[in-house]
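*Asks:* Attaching a single structure in C-alpha cells format; questions to follow.
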Amino acid sequence: MISRRVFLKNGGFALVSLGFAPSFLARTAFAQGRTVRAKQLIAIFQRGAVDGLSVVVPFGEPEYYRARPSIGIAQPNSGEHAAIDLDGFFGFNPRLRSLKSLWDARQLAIVHACGSPDNTRSHFDAQDYMETATPGVKSTSDGWLNRYLQARHVEASTPFRAVSLTSQLPRMLQGTAPALAVNQIGQFGIRGGQSSDMMSASFESQYAAAADSVLNGTGKEAFDAIKMLKVADPAKYQPENGADYPRSPFGQALRQIAQLTKAEVGLEVAFADLGGWDTHVNQGAAEGQLANRLDDFGRSIAALVADLGDRMADTVVLTMSEFGRAVHENGNRGTDHGHANAMMVIGGGVRGGHVYGKWPGLAPDRRYEGRDLAVTTDFRDVFGEIVVKHMGVPDTRTIFPGYNVQPSKFPGLFI
Amino acid sequence: MRRIRTRDAFCWGVLASMLTAGAVAGFAKTIPVDDRTVTHVLNRIAFGPRPGDIERVKAIGIERYIDEQLRPERIPDGGMNARLAALQTIGMSSRELAEKFERPAIEARKEKKASGDAPTPDEKAMQQKANSVVVELSEQKMLRAIYSERQLQEVLTDFWFNHFNVDARKGADRFMLTEYEREAIRPHVLGKFRDLLEATAKSPAMLFYLDNWMSADPNGPHAEMRPPRVVRGPFGRPMVMAQPPRMPAQGKNAPKGLNENYGRELMELHTLGVDGGYAQRDVTEVARAFTGWTIQNPRQGGGFKFEPRLHDMGQKVVLGHVIKAGGGEHDGEEVLDILAKHPSTAHFIATKLVRRFVSDTPPPALVDRAADRFRATDGDLREVMRTVLTSPEFLAPEAFRAKVKTPFEFVVSSVRALGAEVTDAVPLVRATQQMGMPLYQCQPPTGYKDTADAWVNTGALVGRMNFAVQITGGKLPGVVPTTLDWVNETAAADFSDATRSTIAKATTPPQIAALTLGAPEFQRR
C-alpha cells in the first residue's frame, strides 16, 4: 500500500477526493514502482497505400525520373521543391522536412523496399495481411499486435494497455486480449446529467451479468476505462517542449496518445491511422494531394516525438502502409497499386539516420512482375525485430505463426 | 419443450416440401407465431419492431408477412411522401443537383480566388448548401428505415448500397449518390442481379468513384486531368474534389492510360469475391474492356456515355472467355454477363446475404441452397431472398439475436421501439456517425463490415449507451418518443433476468427505457 500512496501522490491523481481507487490503478501503481519504465509501441497505419517512392525518394536512380516524368520529386539542391538529401541516394519528400531533425539526430530509421511476400494489390487484403501478419492467409482471426499482447502477459494490465485512437478497433488489435477503441478520450463516459452515476452503475451491472461473452467482456473494459479516465482528467492536458500538433484528426489522435502516455495509465501499445493515400489521379509531387497528406503526417509525428521528450527512450513509433505503388506513373498523373514500400521506425533506442534493406533498383528487369518495386525485406522481419529487441519478447512463434522470425534476418534497427 | 421441438421439426419438414413445390404464399400458417419468433423476423426483415408490429405479423402469419415484404411494390407506403416532403433534393437528378447546389459553391469559390480573400460568408453558405445534398440523402435513408412499410426493401437497399459502396466524399460523388441510390440500387434490390450490376456499372457515381470514367486505351487519344482540391465535406469531414478531364478533343499532349481500379473491385467486391478465381491478367483485361465507359460531363451531373476514342478496340480474354476485337461498348456488357453467370458470383452473393440475414458464420448448407437458387433463376434476387428467409436456418432459435446491430441498425431500431415522432432526422444521422458509421461516407469500396467484431468495441459501446440515455430523455431535438413503456414491456421480453432486474431498479420511465435500449440484448438483432 505504501508504494501505491507514493505513486498516487507523485502521479498527481486526486484519488483521495474521489473516495475510490479502482483495482487496476493499484496494479499500475505497483508496476510503476519498478525502476524500469515499460516499453511502448505506437503503430501508425497509412491506409490506402502511400507511394513510398515519393516519400523516401531514390533520387540517385535515373530510372526514377524516366518512370515519373510529371510526378517525380526533383534531386536535392535544385530549388524549394527538391527532395531533402538523406544519404546521397535517398531523399525525403520536401513536405517531410519536419522529420529531418529526427533523421539527423539518428532517431529515425527507414526500411525501404519492404513489404509482403503476397502479390495481392487489393487494399482490403493487403491491409488485412499486414494487420494479421499472415500474408496469404485470410482465416487468421486476430491481429499481430493483439497476439503480442497475449504473448507478453502483464500482471499490472490496465484497460489502457492497448488503445486505438479510432472509432472502430483496427484488425491489428482485434483478438482475445482487451484493447480499447476511442476517438475522443475527453468525452468518454455515460452522460446522463444528474443521473449519470446511477445510469453508469446500472449499465455496468447489466453488462457484468450478461451471458453474452462478447458484450460482457467489452462492457467490462468500457467501465474500467471510464473510471480510469475520470481520474486522469484529459481536459487539462498541455503538450510540452513546444510540440505543435496539427489540428487534423491525425494530429489530434497523436496528441491524445501523448496525453495517455503521460497520464501513466499503463499504455503499452497505441494505434492511429490516416487515409487519403490512394492517389490514382493527380498525385502531385512536392505540392498537391500527396504532399499535403505528408505534411500532416510528418508534422504530427514530429509533434508527438517532441512532446514525449525523454520518454522516447522507451518508445518506438512505427509507420506502415499496405503496399507501395507502381514505379511508372499512370495516365492520370497518378500511380496504381504496386508492391514494396518504405516504413519508418522512430525512437531513442533506434539506430537511426540510415536507410535499411537491400535496394533492388527500379530498372524494368529489377521490378516485381515487371512493374513494381520488389520486396527485399519481409515486413514481419521489421515487426519481429521491434517485438524482440524493443518490446523484449524473445519467443515470437505465437505472434507470427507460420513464419520463422530469426535475428539474422532482422534489418538491424536496434543494437 | 420437447413437444414444441417436435412440432418445430415437423414445420421445417412442411416448409421444405413447400419449397420443393416452389410455392409458399397461400399456405396455411405453419411457422409458429410466438413473440420471440415474430420479434426475430422483424429484427431481420425489418429494422426491428414498432409498437403494434408484433400483433400485426401474428395476425397474418410469418409466411404471409415475408411474402408481402418480397413484393414491396404492392405495399401501400403513402405515408412516406409526407415524411420526405421537406427534403427537396432527394427526387432531383444529378444534373439538377449539379446546377442548383454544386455550381453556386464552385462560383463562390472562384470569386474568392479572384479576390484572394479568406472564405467569405457567401462561399461558406454555398459550401453548406452543396453539403446539404448528402445530409438530405442521409435523412431520407434514416426516415425510410424508420417509417417505410416496405421494410425489407429498405434493409436490402442498405445491404446493396453497401455492397456497391460509393463514398460521398470523393469529389462529384457528393451530388451523384442521390440518383445512384434512387435509380441504380433501390429499384433492383429484388430484381435480377445482372440488372443491378449493370445499373451500378453505368452509374456516374460508380464510374467516378472507381475511376473508370477516365480509364483509356494507352494507345488512343486521351482525356487530360487537372489537379484536385480539398474542401470541407458534410459534417466538416475533408473531401477531395477531383476535377473533370477535358474531353479528348480539347486535350493536346494529353497523358494516356489504363486505370484498373474498377476492373479489380468489380471482380473482388461486386461479383466473384477475392477467392473467386481470377488473376492479375484478368483484372487488366477487364479494365481494357471497360475503357470508354465514361461520364457525359461529370461536373454538370451528366449521365453515362460510351466514348469510342477512349476505348481499346483489341481482343480481350476474360476468365478464359474471348471477347472479340471491335466490340466497343458491348465489351463491358459481355464482361458483366460472364461475371454474373459465374458460379463464384452466386456463391459470393449467397454468402453475403446469409451473413446479413442469418449469422456471422453463414451455415454452408444454406449458402449452397441460396447459391443454387441464384443460378437456377438467373440471379433473381427475390427468389434468392425467399430461399434464405424461409429456410429452417433463418428461423432456428440459434439465429435469434445472433447478429450484433450496426450503429445504423441500433439507431433505427431504437427510434422504432419508442414509436418516436421524428421531425428532424439530422441528430440521428449525426449519432450514427459518432458511433463509427457515417452514412454514405465509407471510404473503402468494401463497404462497412457486417460482422460483430467490427462493431463491438468499448468506445462504440459507450456511445450506444449514451444514445439510449439521450433519446429516451428527450435530448435529441426533433425526435420525440411517443411511448417509453412499450420497449420494456414487449421488446425486452426475452432479456435475461439479470438485465431485467437492473432495469427494474430504475425509477423514471425515461431511465427504464434507456436501460432497455442500452442493454446488452438490445445491441443484437
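Simple scheme: letters A, B, ... for chains in C-alpha cells order, numbers from 1 for residues in each chain, numbers from 1 for ligands in the order shown.
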For chain A, report every residue with an atom at most 6 Å from chain B (counting only C-alpha atoms), formatted as a PDB file with N, CA and C atoms, in the first residue's frame.
*Replies:*
ATOM      1  N   SER A 167     -12.538   5.132 -34.252  1.00  0.00           N
ATOM      2  CA  SER A 167     -13.871   4.806 -33.741  1.00  0.00           C
ATOM      3  C   SER A 167     -14.115   3.298 -33.759  1.00  0.00           C
ATOM      4  N   LEU A 180      -8.767  -1.090 -26.389  1.00  0.00           N
ATOM      5  CA  LEU A 180      -9.786  -0.040 -26.339  1.00  0.00           C
ATOM      6  C   LEU A 180      -9.746   0.798 -27.614  1.00  0.00           C
ATOM      7  N   ALA A 181     -10.910   1.000 -28.218  1.00  0.00           N
ATOM      8  CA  ALA A 181     -11.003   1.936 -29.347  1.00  0.00           C
ATOM      9  C   ALA A 181     -11.753   3.160 -28.869  1.00  0.00           C
ATOM     10  N   VAL A 182     -11.163   4.316 -28.973  1.00  0.00           N
ATOM     11  CA  VAL A 182     -11.833   5.534 -28.530  1.00  0.00           C
ATOM     12  C   VAL A 182     -11.339   6.712 -29.359  1.00  0.00           C
ATOM     13  N   ILE A 190     -20.578   7.852 -19.440  1.00  0.00           N
ATOM     14  CA  ILE A 190     -22.030   7.955 -19.610  1.00  0.00           C
ATOM     15  C   ILE A 190     -22.450   9.357 -19.211  1.00  0.00           C
ATOM     16  N   GLN A 206     -25.511  -4.462 -15.754  1.00  0.00           N
ATOM     17  CA  GLN A 206     -26.132  -5.245 -16.847  1.00  0.00           C
ATOM     18  C   GLN A 206     -25.074  -6.002 -17.647  1.00  0.00           C
ATOM     19  N   THR A 218     -16.485  -6.721 -23.450  1.00  0.00           N
ATOM     20  CA  THR A 218     -16.328  -5.346 -23.915  1.00  0.00           C
ATOM     21  C   THR A 218     -16.921  -4.365 -22.910  1.00  0.00           C
ATOM     22  N   ALA A 222     -15.102  -1.289 -20.911  1.00  0.00           N
ATOM     23  CA  ALA A 222     -15.610   0.071 -21.060  1.00  0.00           C
ATOM     24  C   ALA A 222     -15.722   0.755 -19.705  1.00  0.00           C
ATOM     25  N   ASN A 282      -3.813  12.523 -60.275  1.00  0.00           N
ATOM     26  CA  ASN A 282      -3.233  13.791 -59.816  1.00  0.00           C
ATOM     27  C   ASN A 282      -2.584  13.714 -58.453  1.00  0.00           C
ATOM     28  N   ASN A 330       0.774   6.605 -63.910  1.00  0.00           N
ATOM     29  CA  ASN A 330      -0.249   6.148 -64.853  1.00  0.00           C
ATOM     30  C   ASN A 330      -0.707   7.297 -65.760  1.00  0.00           C
ATOM     31  N   GLY A 331      -1.762   7.039 -66.503  1.00  0.00           N
ATOM     32  CA  GLY A 331      -2.222   8.019 -67.486  1.00  0.00           C
ATOM     33  C   GLY A 331      -2.919   9.214 -66.875  1.00  0.00           C
TER      34      GLY A 331
END
*Asks:* Need the shell around segment 345-348 of chain A: protein/DNA/RNA residues with any atom at most 9 Å away, counting only C-alpha atoms. Skip same-chain ones fewer than 2 positions apart. Format as a PDB file with N, CA and C atoms, in the first residue's frame?
*Replies:*
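Heads up, here's the output in part-v9.pdb:
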ATOM      1  N   LEU A 102      14.929  14.569 -36.802  1.00  0.00           N
ATOM      2  CA  LEU A 102      14.968  13.245 -36.163  1.00  0.00           C
ATOM      3  C   LEU A 102      15.949  12.327 -36.886  1.00  0.00           C
ATOM      4  N   TRP A 103      15.991  12.492 -38.199  1.00  0.00           N
ATOM      5  CA  TRP A 103      16.968  11.734 -39.007  1.00  0.00           C
ATOM      6  C   TRP A 103      18.383  12.160 -38.605  1.00  0.00           C
ATOM      7  N   ARG A 106      19.697  10.830 -35.531  1.00  0.00           N
ATOM      8  CA  ARG A 106      19.784   9.367 -35.613  1.00  0.00           C
ATOM      9  C   ARG A 106      18.706   8.668 -34.784  1.00  0.00           C
ATOM     10  N   GLN A 107      17.533   9.273 -34.755  1.00  0.00           N
ATOM     11  CA  GLN A 107      16.399   8.649 -34.055  1.00  0.00           C
ATOM     12  C   GLN A 107      15.381   8.086 -35.041  1.00  0.00           C
ATOM     13  N   LEU A 108      15.600   8.344 -36.325  1.00  0.00           N
ATOM     14  CA  LEU A 108      14.642   7.897 -37.329  1.00  0.00           C
ATOM     15  C   LEU A 108      15.346   7.008 -38.342  1.00  0.00           C
ATOM     16  N   ALA A 109      14.821   5.789 -38.478  1.00  0.00           N
ATOM     17  CA  ALA A 109      15.359   4.863 -39.479  1.00  0.00           C
ATOM     18  C   ALA A 109      14.283   4.574 -40.517  1.00  0.00           C
ATOM     19  N   ILE A 110      14.744   4.231 -41.719  1.00  0.00           N
ATOM     20  CA  ILE A 110      13.818   3.885 -42.803  1.00  0.00           C
ATOM     21  C   ILE A 110      14.144   2.474 -43.264  1.00  0.00           C
ATOM     22  N   VAL A 111      13.116   1.683 -43.508  1.00  0.00           N
ATOM     23  CA  VAL A 111      13.330   0.393 -44.168  1.00  0.00           C
ATOM     24  C   VAL A 111      12.647   0.495 -45.528  1.00  0.00           C
ATOM     25  N   VAL A 305       6.808  13.221 -31.085  1.00  0.00           N
ATOM     26  CA  VAL A 305       8.151  12.896 -30.599  1.00  0.00           C
ATOM     27  C   VAL A 305       8.676  14.007 -29.683  1.00  0.00           C
ATOM     28  N   ASP A 310      11.888  12.843 -23.223  1.00  0.00           N
ATOM     29  CA  ASP A 310      12.733  11.753 -22.712  1.00  0.00           C
ATOM     30  C   ASP A 310      12.069  10.391 -22.841  1.00  0.00           C
ATOM     31  N   ARG A 311      10.755  10.388 -22.846  1.00  0.00           N
ATOM     32  CA  ARG A 311      10.052   9.108 -22.911  1.00  0.00           C
ATOM     33  C   ARG A 311      10.324   8.376 -24.220  1.00  0.00           C
ATOM     34  N   MET A 312      10.815   9.085 -25.228  1.00  0.00           N
ATOM     35  CA  MET A 312      11.127   8.428 -26.496  1.00  0.00           C
ATOM     36  C   MET A 312      12.210   7.361 -26.310  1.00  0.00           C
ATOM     37  N   ALA A 313      12.942   7.440 -25.202  1.00  0.00           N
ATOM     38  CA  ALA A 313      13.943   6.411 -24.922  1.00  0.00           C
ATOM     39  C   ALA A 313      13.299   5.036 -24.821  1.00  0.00           C
ATOM     40  N   ASP A 314      12.034   4.996 -24.387  1.00  0.00           N
ATOM     41  CA  ASP A 314      11.343   3.715 -24.208  1.00  0.00           C
ATOM     42  C   ASP A 314      10.257   3.495 -25.262  1.00  0.00           C
ATOM     43  N   THR A 315      10.235   4.355 -26.256  1.00  0.00           N
ATOM     44  CA  THR A 315       9.131   4.331 -27.227  1.00  0.00           C
ATOM     45  C   THR A 315       9.635   4.099 -28.640  1.00  0.00           C
ATOM     46  N   VAL A 316       8.862   3.339 -29.403  1.00  0.00           N
ATOM     47  CA  VAL A 316       9.110   3.227 -30.833  1.00  0.00           C
ATOM     48  C   VAL A 316       7.840   3.638 -31.571  1.00  0.00           C
ATOM     49  N   VAL A 317       8.005   4.502 -32.566  1.00  0.00           N
ATOM     50  CA  VAL A 317       6.906   4.852 -33.469  1.00  0.00           C
ATOM     51  C   VAL A 317       7.178   4.125 -34.781  1.00  0.00           C
ATOM     52  N   LEU A 318       6.185   3.350 -35.233  1.00  0.00           N
ATOM     53  CA  LEU A 318       6.342   2.547 -36.443  1.00  0.00           C
ATOM     54  C   LEU A 318       5.270   2.965 -37.446  1.00  0.00           C
ATOM     55  N   THR A 319       5.678   3.288 -38.669  1.00  0.00           N
ATOM     56  CA  THR A 319       4.678   3.634 -39.689  1.00  0.00           C
ATOM     57  C   THR A 319       4.663   2.568 -40.777  1.00  0.00           C
ATOM     58  N   MET A 343       8.978   1.905 -44.773  1.00  0.00           N
ATOM     59  CA  MET A 343       8.469   2.030 -43.397  1.00  0.00           C
ATOM     60  C   MET A 343       9.408   2.934 -42.626  1.00  0.00           C
ATOM     61  N   VAL A 350      16.508   3.461 -31.350  1.00  0.00           N
ATOM     62  CA  VAL A 350      16.629   3.033 -32.745  1.00  0.00           C
ATOM     63  C   VAL A 350      17.972   3.516 -33.317  1.00  0.00           C
ATOM     64  N   ARG A 351      18.616   2.673 -34.099  1.00  0.00           N
ATOM     65  CA  ARG A 351      19.838   3.104 -34.791  1.00  0.00           C
ATOM     66  C   ARG A 351      19.416   3.846 -36.055  1.00  0.00           C
ATOM     67  N   GLY A 352      19.100   5.110 -35.871  1.00  0.00           N
ATOM     68  CA  GLY A 352      18.522   5.876 -36.968  1.00  0.00           C
ATOM     69  C   GLY A 352      19.549   6.510 -37.876  1.00  0.00           C
ATOM     70  N   VAL A 382      10.629  -6.648 -39.797  1.00  0.00           N
ATOM     71  CA  VAL A 382      10.639  -5.360 -39.096  1.00  0.00           C
ATOM     72  C   VAL A 382       9.812  -5.482 -37.812  1.00  0.00           C
ATOM     73  N   LEU A 413      17.763  -2.670 -36.841  1.00  0.00           N
ATOM     74  CA  LEU A 413      17.282  -1.378 -36.362  1.00  0.00           C
ATOM     75  C   LEU A 413      17.707  -1.073 -34.932  1.00  0.00           C
TER      76      LEU A 413
END
*Asks:* How would you write, as a PyMOL selection string, the set of residues in segment 131-358 of chain B that DSSP gives as alpha helix (DSSP H)?
*Replies:* chain B and resi 131-147+151-163+173-179+193-201+204-209+261-265+280-289+330-341+343-357
*Asks:* Using Å and a single decimal, report how far atom CA of Leu143 of chain B sits from atom CA of Val412 of chain B.
*Replies:*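 Atom CA of Leu143 of chain B lies at a distance of 8.7 Å from atom CA of Val412 of chain B.
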*Asks:* Which residue out of A:Gly48, A:Phe89, A:Ser122, A:Tyr245 has the minimum interatomic distance to Gly263 of chain B when only C-alpha atoms are used?
*Replies:* A:Ser122
*Asks:* Which polymer residues have any atom within 6 Å of an atom of segment 359-373 of chain B, counting only C-alpha atoms, with same-chain residues fewer than 3 positions away left out, as a JSON list (two decimals) with N, CA and C atoms, in the first residue's frame?
*Replies:*
[["chain", "number", "residue", "atom", "x", "y", "z"],
["B", 346, "ALA", "N", -22.46, -16.42, -57.69],
["B", 346, "ALA", "CA", -23.63, -16.95, -56.98],
["B", 346, "ALA", "C", -23.26, -17.27, -55.54],
["B", 347, "HIS", "N", -22.11, -17.88, -55.36],
["B", 347, "HIS", "CA", -21.68, -18.29, -54.03],
["B", 347, "HIS", "C", -21.33, -17.08, -53.16],
["B", 350, "ALA", "N", -24.55, -15.20, -52.27],
["B", 350, "ALA", "CA", -25.32, -16.00, -51.31],
["B", 350, "ALA", "C", -24.68, -15.91, -49.92],
["B", 351, "THR", "N", -23.36, -16.00, -49.86],
["B", 351, "THR", "CA", -22.66, -15.93, -48.57],
["B", 351, "THR", "C", -22.94, -14.60, -47.88],
["B", 354, "VAL", "N", -26.60, -14.39, -46.64],
["B", 354, "VAL", "CA", -26.83, -15.25, -45.47],
["B", 354, "VAL", "C", -26.14, -14.67, -44.24],
["B", 355, "ARG", "N", -24.99, -14.07, -44.46],
["B", 355, "ARG", "CA", -24.30, -13.44, -43.33],
["B", 355, "ARG", "C", -25.14, -12.28, -42.78],
["B", 376, "ALA", "N", -30.15, -21.11, -60.65],
["B", 376, "ALA", "CA", -31.35, -21.67, -61.30],
["B", 376, "ALA", "C", -32.27, -20.57, -61.81],
["B", 377, "THR", "N", -32.26, -19.42, -61.16],
["B", 377, "THR", "CA", -33.20, -18.35, -61.54],
["B", 377, "THR", "C", -32.51, -17.23, -62.31],
["B", 384, "VAL", "N", -33.82, -15.68, -54.46],
["B", 384, "VAL", "CA", -32.71, -15.99, -53.54],
["B", 384, "VAL", "C", -33.11, -15.58, -52.11],
["B", 387, "THR", "N", -35.50, -18.03, -50.59],
["B", 387, "THR", "CA", -34.80, -19.22, -50.09],
["B", 387, "THR", "C", -34.19, -18.96, -48.72],
["B", 451, "THR", "N", -20.00, -7.96, -39.60],
["B", 451, "THR", "CA", -19.80, -8.95, -38.54],
["B", 451, "THR", "C", -19.56, -8.23, -37.22]]
